[in-house]
file data.cif (mmCIF, C-alpha atoms and all ligand atoms)
data_coords
#
loop_
_atom_site.label_atom_id
_atom_site.label_comp_id
_atom_site.auth_asym_id
_atom_site.auth_seq_id
_atom_site.Cartn_x
_atom_site.Cartn_y
_atom_site.Cartn_z
CA MET I 1 101.12 125.73 127.89
CA GLU I 2 101.73 122.04 128.55
CA ASN I 3 103.59 120.17 125.81
CA VAL I 4 101.19 118.16 123.70
CA PHE I 5 102.29 115.02 121.87
CA LEU I 6 100.32 114.22 118.75
CA ALA I 7 101.13 110.71 117.60
CA PRO I 8 101.97 110.27 113.91
CA LEU I 9 98.94 108.84 112.14
CA SER I 10 100.45 106.57 109.50
CA THR I 11 103.46 105.92 107.33
CA THR I 12 104.46 103.94 104.27
CA ILE I 13 107.94 102.44 104.40
CA ASP I 14 109.37 99.82 102.03
CA GLY I 15 105.94 99.12 100.57
CA LEU I 16 104.25 98.61 103.94
CA HIS I 17 101.41 100.94 104.85
CA ILE I 18 101.36 101.18 108.65
CA ARG I 19 98.53 102.72 110.63
CA PRO I 20 96.46 102.18 113.78
CA LEU I 21 93.41 99.97 113.63
CA ARG I 22 90.06 101.70 113.36
CA ALA I 23 86.38 100.95 113.51
CA GLY I 24 85.44 98.82 110.52
CA ASP I 25 88.74 96.89 110.35
CA GLY I 26 87.18 94.05 112.35
CA VAL I 27 86.11 91.84 109.45
CA GLU I 28 89.56 91.69 107.86
CA TYR I 29 91.30 91.48 111.23
CA THR I 30 89.13 88.58 112.36
CA GLU I 31 89.70 86.68 109.13
CA VAL I 32 93.50 87.06 109.32
CA VAL I 33 93.84 86.34 113.04
CA ASN I 34 91.56 83.28 112.81
CA ALA I 35 93.52 81.91 109.85
CA SER I 36 96.79 82.51 111.74
CA TYR I 37 95.62 81.23 115.13
CA SER I 38 97.79 78.10 115.23
CA THR I 39 101.06 79.99 114.62
CA LEU I 40 100.20 83.05 116.72
CA SER I 41 98.81 81.31 119.79
CA LYS I 42 102.07 79.43 120.24
CA TRP I 43 103.80 82.65 121.31
CA LEU I 44 101.11 85.25 121.97
CA ASN I 45 98.40 85.27 124.63
CA TRP I 46 95.80 87.54 123.02
CA PRO I 47 94.53 85.57 119.97
CA VAL I 48 91.10 84.07 120.58
CA GLU I 49 90.28 80.78 118.85
CA ASN I 50 87.45 81.05 116.31
CA MET I 51 87.01 84.72 117.08
CA SER I 52 83.68 86.16 115.96
CA VAL I 53 83.61 89.28 113.78
CA GLU I 54 82.03 91.11 116.74
CA GLN I 55 84.93 90.10 118.99
CA GLY I 56 87.39 91.13 116.29
CA GLU I 57 85.67 94.47 115.81
CA GLU I 58 85.71 95.06 119.57
CA MET I 59 89.44 94.27 119.59
CA VAL I 60 90.29 96.69 116.78
CA ARG I 61 88.21 99.45 118.38
CA GLU I 62 89.95 98.91 121.74
CA ARG I 63 93.37 99.04 120.05
CA GLY I 64 92.45 102.06 117.97
CA GLY I 65 91.08 103.81 121.06
CA ALA I 66 94.25 103.17 123.06
CA TYR I 67 96.27 104.70 120.22
CA LEU I 68 94.12 107.82 120.11
CA LYS I 69 94.31 108.18 123.90
CA GLY I 70 98.10 107.79 123.82
CA GLU I 71 98.11 104.81 126.19
CA ARG I 72 100.00 102.60 123.74
CA PHE I 73 100.35 102.59 119.99
CA PRO I 74 99.22 99.34 118.35
CA VAL I 75 99.37 99.34 114.55
CA CYS I 76 98.90 96.98 111.64
CA ALA I 77 100.59 96.88 108.25
CA TRP I 78 99.09 96.42 104.80
CA GLU I 79 100.94 95.46 101.64
CA ASP I 80 99.04 96.04 98.39
CA GLY I 81 95.90 96.41 100.47
CA VAL I 82 96.36 93.08 102.27
CA LEU I 83 96.69 93.00 106.06
CA ILE I 84 100.02 91.30 106.73
CA GLY I 85 100.43 91.68 110.50
CA GLY I 86 100.52 93.82 113.59
CA SER I 87 103.06 95.58 115.75
CA GLY I 88 103.17 98.66 117.94
CA TYR I 89 105.00 100.72 120.52
CA ARG I 90 104.25 100.44 124.22
CA GLY I 91 106.07 101.20 127.42
CA ALA I 92 106.01 101.90 131.13
CA VAL I 93 103.83 104.75 132.43
CA ASP I 94 106.53 107.36 131.78
CA PHE I 95 107.51 106.15 128.29
CA MET I 96 106.58 109.43 126.66
CA THR I 97 109.19 111.14 128.84
CA THR I 98 111.91 108.50 128.75
CA GLY I 99 111.51 107.63 125.08
CA ASN I 100 111.89 103.95 125.98
CA VAL I 101 109.45 101.66 124.22
CA GLU I 102 108.95 98.01 123.58
CA LEU I 103 107.88 96.50 120.27
CA GLY I 104 105.88 93.39 119.62
CA MET I 105 104.91 91.80 116.31
CA TRP I 106 102.93 89.15 114.51
CA ILE I 107 102.80 88.20 110.83
CA ARG I 108 99.84 86.44 109.22
CA GLY I 109 100.42 82.70 109.17
CA ASP I 110 100.33 82.22 105.41
CA ARG I 111 103.04 84.86 104.92
CA ALA I 112 105.37 83.99 107.82
CA GLY I 113 108.96 83.08 107.02
CA GLN I 114 109.04 85.17 103.83
CA GLY I 115 110.98 88.15 105.13
CA LEU I 116 107.95 90.27 106.04
CA GLY I 117 108.66 90.35 109.78
CA THR I 118 112.16 91.67 109.17
CA ARG I 119 110.85 94.34 106.77
CA PHE I 120 108.06 95.34 109.12
CA LEU I 121 110.37 95.56 112.13
CA ARG I 122 112.91 97.63 110.22
CA ALA I 123 110.09 99.95 109.17
CA MET I 124 108.89 100.27 112.79
CA VAL I 125 112.44 101.11 113.89
CA GLN I 126 112.84 103.72 111.18
CA TRP I 127 109.45 105.29 111.90
CA GLY I 128 110.06 105.19 115.65
CA PHE I 129 113.37 107.01 115.49
CA GLU I 130 112.50 109.38 112.66
CA GLU I 131 109.02 110.49 113.57
CA TRP I 132 108.17 109.39 117.09
CA GLY I 133 111.35 110.52 118.79
CA TRP I 134 111.98 107.30 120.66
CA HIS I 135 115.45 106.81 122.15
CA ARG I 136 115.49 103.12 122.85
CA MET I 137 113.41 100.28 121.47
CA LYS I 138 113.26 96.92 123.18
CA TRP I 139 112.26 93.49 121.84
CA GLU I 140 111.65 90.54 124.15
CA CYS I 141 110.99 86.95 123.18
CA ASP I 142 111.06 83.43 124.45
CA THR I 143 114.48 81.78 124.02
CA ARG I 144 112.76 79.06 121.96
CA ASN I 145 111.17 81.53 119.53
CA ARG I 146 113.85 81.40 116.85
CA ALA I 147 111.80 83.32 114.27
CA SER I 148 111.42 86.19 116.72
CA SER I 149 115.03 86.36 117.88
CA ARG I 150 116.33 86.16 114.32
CA THR I 151 113.92 88.88 113.22
CA ALA I 152 115.26 91.20 115.93
CA GLU I 153 118.85 90.44 115.00
CA LYS I 154 118.20 91.00 111.30
CA ALA I 155 116.52 94.33 112.08
CA GLY I 156 119.65 95.56 113.89
CA PHE I 157 118.80 94.83 117.53
CA THR I 158 121.55 93.87 119.98
CA LEU I 159 121.09 91.05 122.48
CA GLU I 160 121.33 92.44 126.03
CA GLY I 161 120.85 89.22 127.92
CA THR I 162 118.67 86.38 129.06
CA THR I 163 115.93 86.65 131.66
CA ARG I 164 116.39 83.22 133.17
CA SER I 165 113.37 81.13 134.06
CA ASP I 166 111.16 84.21 134.34
CA MET I 167 108.00 82.87 132.71
CA ALA I 168 105.63 80.36 134.26
CA GLU I 169 104.01 78.08 131.67
CA ASP I 170 100.53 76.57 131.99
CA ASP I 171 102.04 73.10 132.31
CA GLY I 172 104.06 74.10 135.38
CA THR I 173 107.40 74.43 133.58
CA ARG I 174 109.43 77.64 133.42
CA SER I 175 110.88 79.30 130.36
CA SER I 176 113.46 82.01 129.75
CA GLY I 177 113.45 85.14 127.64
CA LEU I 178 115.83 87.10 125.46
CA VAL I 179 116.05 90.89 125.68
CA TYR I 180 117.16 92.87 122.65
CA SER I 181 117.38 96.61 122.10
CA ILE I 182 118.31 99.19 119.53
CA LEU I 183 119.35 102.73 120.43
CA ARG I 184 118.76 105.88 118.46
CA SER I 185 122.52 106.59 118.36
CA GLU I 186 123.44 103.24 116.86
CA TRP I 187 120.59 103.39 114.38
CA GLU I 188 121.80 106.83 113.24
CA ASP I 189 125.39 105.55 112.99
CA SER I 190 124.26 102.61 110.87
CA ARG I 191 122.63 104.80 108.24
C1 LIG M 201 108.20 86.26 114.71
C2 LIG M 201 107.58 86.73 113.39
C3 LIG M 201 106.95 88.12 113.58
C4 LIG M 201 108.71 86.82 112.34
O1 LIG M 201 108.18 87.24 111.12
P1 LIG M 201 108.53 86.44 109.77
O2 LIG M 201 107.97 87.19 108.64
O3 LIG M 201 108.11 85.05 109.95
O4 LIG M 201 110.13 86.56 109.79
P2 LIG M 201 111.13 86.64 108.56
O5 LIG M 201 110.57 85.88 107.38
O6 LIG M 201 111.51 88.05 108.35
O7 LIG M 201 112.37 85.79 109.10
C5 LIG M 201 113.29 86.31 109.99
C6 LIG M 201 114.23 85.21 110.42
O8 LIG M 201 113.52 84.24 111.20
C7 LIG M 201 113.69 82.95 110.64
N1 LIG M 201 112.46 82.21 110.81
C8 LIG M 201 111.23 82.54 110.34
N2 LIG M 201 110.33 81.63 110.72
C9 LIG M 201 111.02 80.70 111.42
C10 LIG M 201 110.64 79.50 112.09
N3 LIG M 201 109.37 79.10 112.10
N4 LIG M 201 111.60 78.81 112.74
C11 LIG M 201 112.88 79.22 112.76
N5 LIG M 201 113.31 80.37 112.15
C12 LIG M 201 112.37 81.08 111.49
C13 LIG M 201 113.97 83.22 109.17
O9 LIG M 201 114.60 82.10 108.58
C14 LIG M 201 114.85 84.44 109.27
O10 LIG M 201 116.16 84.13 109.70
P3 LIG M 201 117.37 83.76 108.70
O11 LIG M 201 117.50 84.90 107.75
O12 LIG M 201 118.52 83.57 109.62
O13 LIG M 201 116.99 82.51 107.96
C15 LIG M 201 106.51 85.73 112.86
O14 LIG M 201 107.12 84.48 112.62
C16 LIG M 201 105.33 85.54 113.79
O15 LIG M 201 104.33 86.24 113.65
N6 LIG M 201 105.41 84.59 114.73
C17 LIG M 201 104.29 84.33 115.67
C18 LIG M 201 104.11 85.46 116.67
C19 LIG M 201 105.41 85.79 117.38
O16 LIG M 201 106.15 84.90 117.79
N7 LIG M 201 105.66 87.09 117.56
C20 LIG M 201 106.85 87.57 118.24
C21 LIG M 201 106.63 87.55 119.69
S1 LIG M 201 108.09 88.10 120.56
#
call {"tool": "encode", "arguments": {"input": "data.cif", "output": "structure tokens"}}
result
Amino acid sequence: MENVFLAPLSTTIDGLHIRPLRAGDGVEYTEVVNASYSTLSKWLNWPVENMSVEQGEEMVRERGGAYLKGERFPVCAWEDGVLIGGSGYRGAVDFMTTGNVELGMWIRGDRAGQGLGTRFLRAMVQWGFEEWGWHRMKWECDTRNRASSRTAEKAGFTLEGTTRSDMAEDDGTRSSGLVYSILRSEWEDSR
């Protein structure tokens, strides 16, 4: 029989409850993303300005569906019942075989800069190595996104290099990226 991978459904690490989005999350998701739009849209391309609850609900259902289908694994985190941000594992078509995934993240605007991103990323790394069986996790960010690069460094990622002038901006300029990774072996050694 073919090997079947059943994705873990949720976890709670360091006070953060992490799970995929599901139908019905749209109201809370819309409220948080709308309130965070100015900080998120600076670095992310998916937030929609003044998103309607219907758009938000559609977004959470699409993300939840992708998770259930095993296409990618977007999640959100709640602390004391409050939605604090989103993350997830995604990768190239063969990521289930290679165990190589990439992580992204956002933290709600009114809680950014308070250590939550570092906690959330550490939790995603722990969960990913302990329960998902990933071998390598990658983090990419714009060289100018200091909050992002510092979050990766504080969560134990190693800088691999700079992707020079690889992003075309709307205003015609080019920007560069930083590539970080953490390997299962070094995470185990650090424990
Ligand atoms: C990047 C992000 C997830 C980090 O989460 P966070 O909760 O704000 O991060 P933390 O509070 O854990 O801070 C981690 C480090 O970043 C630094 N930092 C946080 N916000 C910063 C800012 N606006 N400018 C410069 N450094 C910042 C913190 O000082 C800390 O570093 P330090 O210990 O050396 O001082 C969050 O800021 C965010 O959602 N940003 C918008 C979306 C985004 O850029 N996502 C990442 C795309 S690659």
call {"tool": "residues_around", "arguments": {"input": "data.cif", "residues": "range 16-33 of chain I", "least_positions_apart": "6", "cutoff": "10 Å", "atoms": "only C-alpha atoms", "output": "short mmCIF file (atom, residue, chain, number, x, y, z; two decimals) with C-alpha atoms, in the coordinates of the input"}}
result
data_model
loop_
_atom_site.label_atom_id
_atom_site.label_comp_id
_atom_site.auth_asym_id
_atom_site.auth_seq_id
_atom_site.Cartn_x
_atom_site.Cartn_y
_atom_site.Cartn_z
CA PRO I 8 101.97 110.27 113.91
CA LEU I 9 98.94 108.84 112.14
CA SER I 10 100.45 106.57 109.50
CA THR I 39 101.06 79.99 114.62
CA LEU I 40 100.20 83.05 116.72
CA SER I 41 98.81 81.31 119.79
CA PRO I 47 94.53 85.57 119.97
CA VAL I 48 91.10 84.07 120.58
CA GLU I 49 90.28 80.78 118.85
CA ASN I 50 87.45 81.05 116.31
CA MET I 51 87.01 84.72 117.08
CA SER I 52 83.68 86.16 115.96
CA VAL I 53 83.61 89.28 113.78
CA GLU I 54 82.03 91.11 116.74
CA GLN I 55 84.93 90.10 118.99
CA GLY I 56 87.39 91.13 116.29
CA GLU I 57 85.67 94.47 115.81
CA GLU I 58 85.71 95.06 119.57
CA MET I 59 89.44 94.27 119.59
CA VAL I 60 90.29 96.69 116.78
CA ARG I 61 88.21 99.45 118.38
CA GLU I 62 89.95 98.91 121.74
CA ARG I 63 93.37 99.04 120.05
CA GLY I 64 92.45 102.06 117.97
CA GLY I 65 91.08 103.81 121.06
CA ALA I 66 94.25 103.17 123.06
CA TYR I 67 96.27 104.70 120.22
CA LEU I 68 94.12 107.82 120.11
CA PHE I 73 100.35 102.59 119.99
CA PRO I 74 99.22 99.34 118.35
CA VAL I 75 99.37 99.34 114.55
CA CYS I 76 98.90 96.98 111.64
CA ALA I 77 100.59 96.88 108.25
CA TRP I 78 99.09 96.42 104.80
CA GLU I 79 100.94 95.46 101.64
CA ASP I 80 99.04 96.04 98.39
CA GLY I 81 95.90 96.41 100.47
CA VAL I 82 96.36 93.08 102.27
CA LEU I 83 96.69 93.00 106.06
CA ILE I 84 100.02 91.30 106.73
CA GLY I 85 100.43 91.68 110.50
CA GLY I 86 100.52 93.82 113.59
CA SER I 87 103.06 95.58 115.75
CA GLY I 88 103.17 98.66 117.94
CA TRP I 106 102.93 89.15 114.51
CA ILE I 107 102.80 88.20 110.83
CA ARG I 108 99.84 86.44 109.22
CA GLY I 109 100.42 82.70 109.17
CA ASP I 110 100.33 82.22 105.41
CA LEU I 116 107.95 90.27 106.04
CA ARG I 119 110.85 94.34 106.77
CA PHE I 120 108.06 95.34 109.12
CA ALA I 123 110.09 99.95 109.17
CA MET I 124 108.89 100.27 112.79
CA TRP I 127 109.45 105.29 111.90
#
call {"tool": "residues_near_ligand", "arguments": {"input": "data.cif", "ligand": "ligand LIG 201 (chain M)", "cutoff": "8 Å", "atoms": "all atoms listed in the file", "output": "PyMOL selection string"}}
result
chain I and resi 39-44+85+104-109+111-119+139-142+145-152+154
call {"tool": "residues_around", "arguments": {"input": "data.cif", "residues": "Phe129 in chain I", "least_positions_apart": "3", "cutoff": "10 Å", "atoms": "all atoms listed in the file", "output": "PyMOL selection string"}}
result
chain I and resi 99+124-126+132-137+183-185+187-188
call {"tool": "write_last_selection", "arguments": {"input": "data.cif", "atoms": "C-alpha atoms", "output": "PDB file, in the coordinates of the input"}}
result
ATOM      1  CA  GLY I  99     111.510 107.630 125.080  1.00  0.00           C
ATOM      2  CA  MET I 124     108.890 100.270 112.790  1.00  0.00           C
ATOM      3  CA  VAL I 125     112.440 101.110 113.890  1.00  0.00           C
ATOM      4  CA  GLN I 126     112.840 103.720 111.180  1.00  0.00           C
ATOM      5  CA  TRP I 132     108.170 109.390 117.090  1.00  0.00           C
ATOM      6  CA  GLY I 133     111.350 110.520 118.790  1.00  0.00           C
ATOM      7  CA  TRP I 134     111.980 107.300 120.660  1.00  0.00           C
ATOM      8  CA  HIS I 135     115.450 106.810 122.150  1.00  0.00           C
ATOM      9  CA  ARG I 136     115.490 103.120 122.850  1.00  0.00           C
ATOM     10  CA  MET I 137     113.410 100.280 121.470  1.00  0.00           C
ATOM     11  CA  LEU I 183     119.350 102.730 120.430  1.00  0.00           C
ATOM     12  CA  ARG I 184     118.760 105.880 118.460  1.00  0.00           C
ATOM     13  CA  SER I 185     122.520 106.590 118.360  1.00  0.00           C
ATOM     14  CA  TRP I 187     120.590 103.390 114.380  1.00  0.00           C
ATOM     15  CA  GLU I 188     121.800 106.830 113.240  1.00  0.00           C
TER      16      GLU I 188
END
call {"tool": "axis_aligned_box", "arguments": {"input": "data.cif", "around": "range 95-114 of chain I", "padding_each_side": "5 Å", "output": "AutoDock Vina command-line options"}}
result
--center_x 105.9 --center_y 96.7 --center_z 116.3 --size_x 22.1 --size_y 38.9 --size_z 35.0
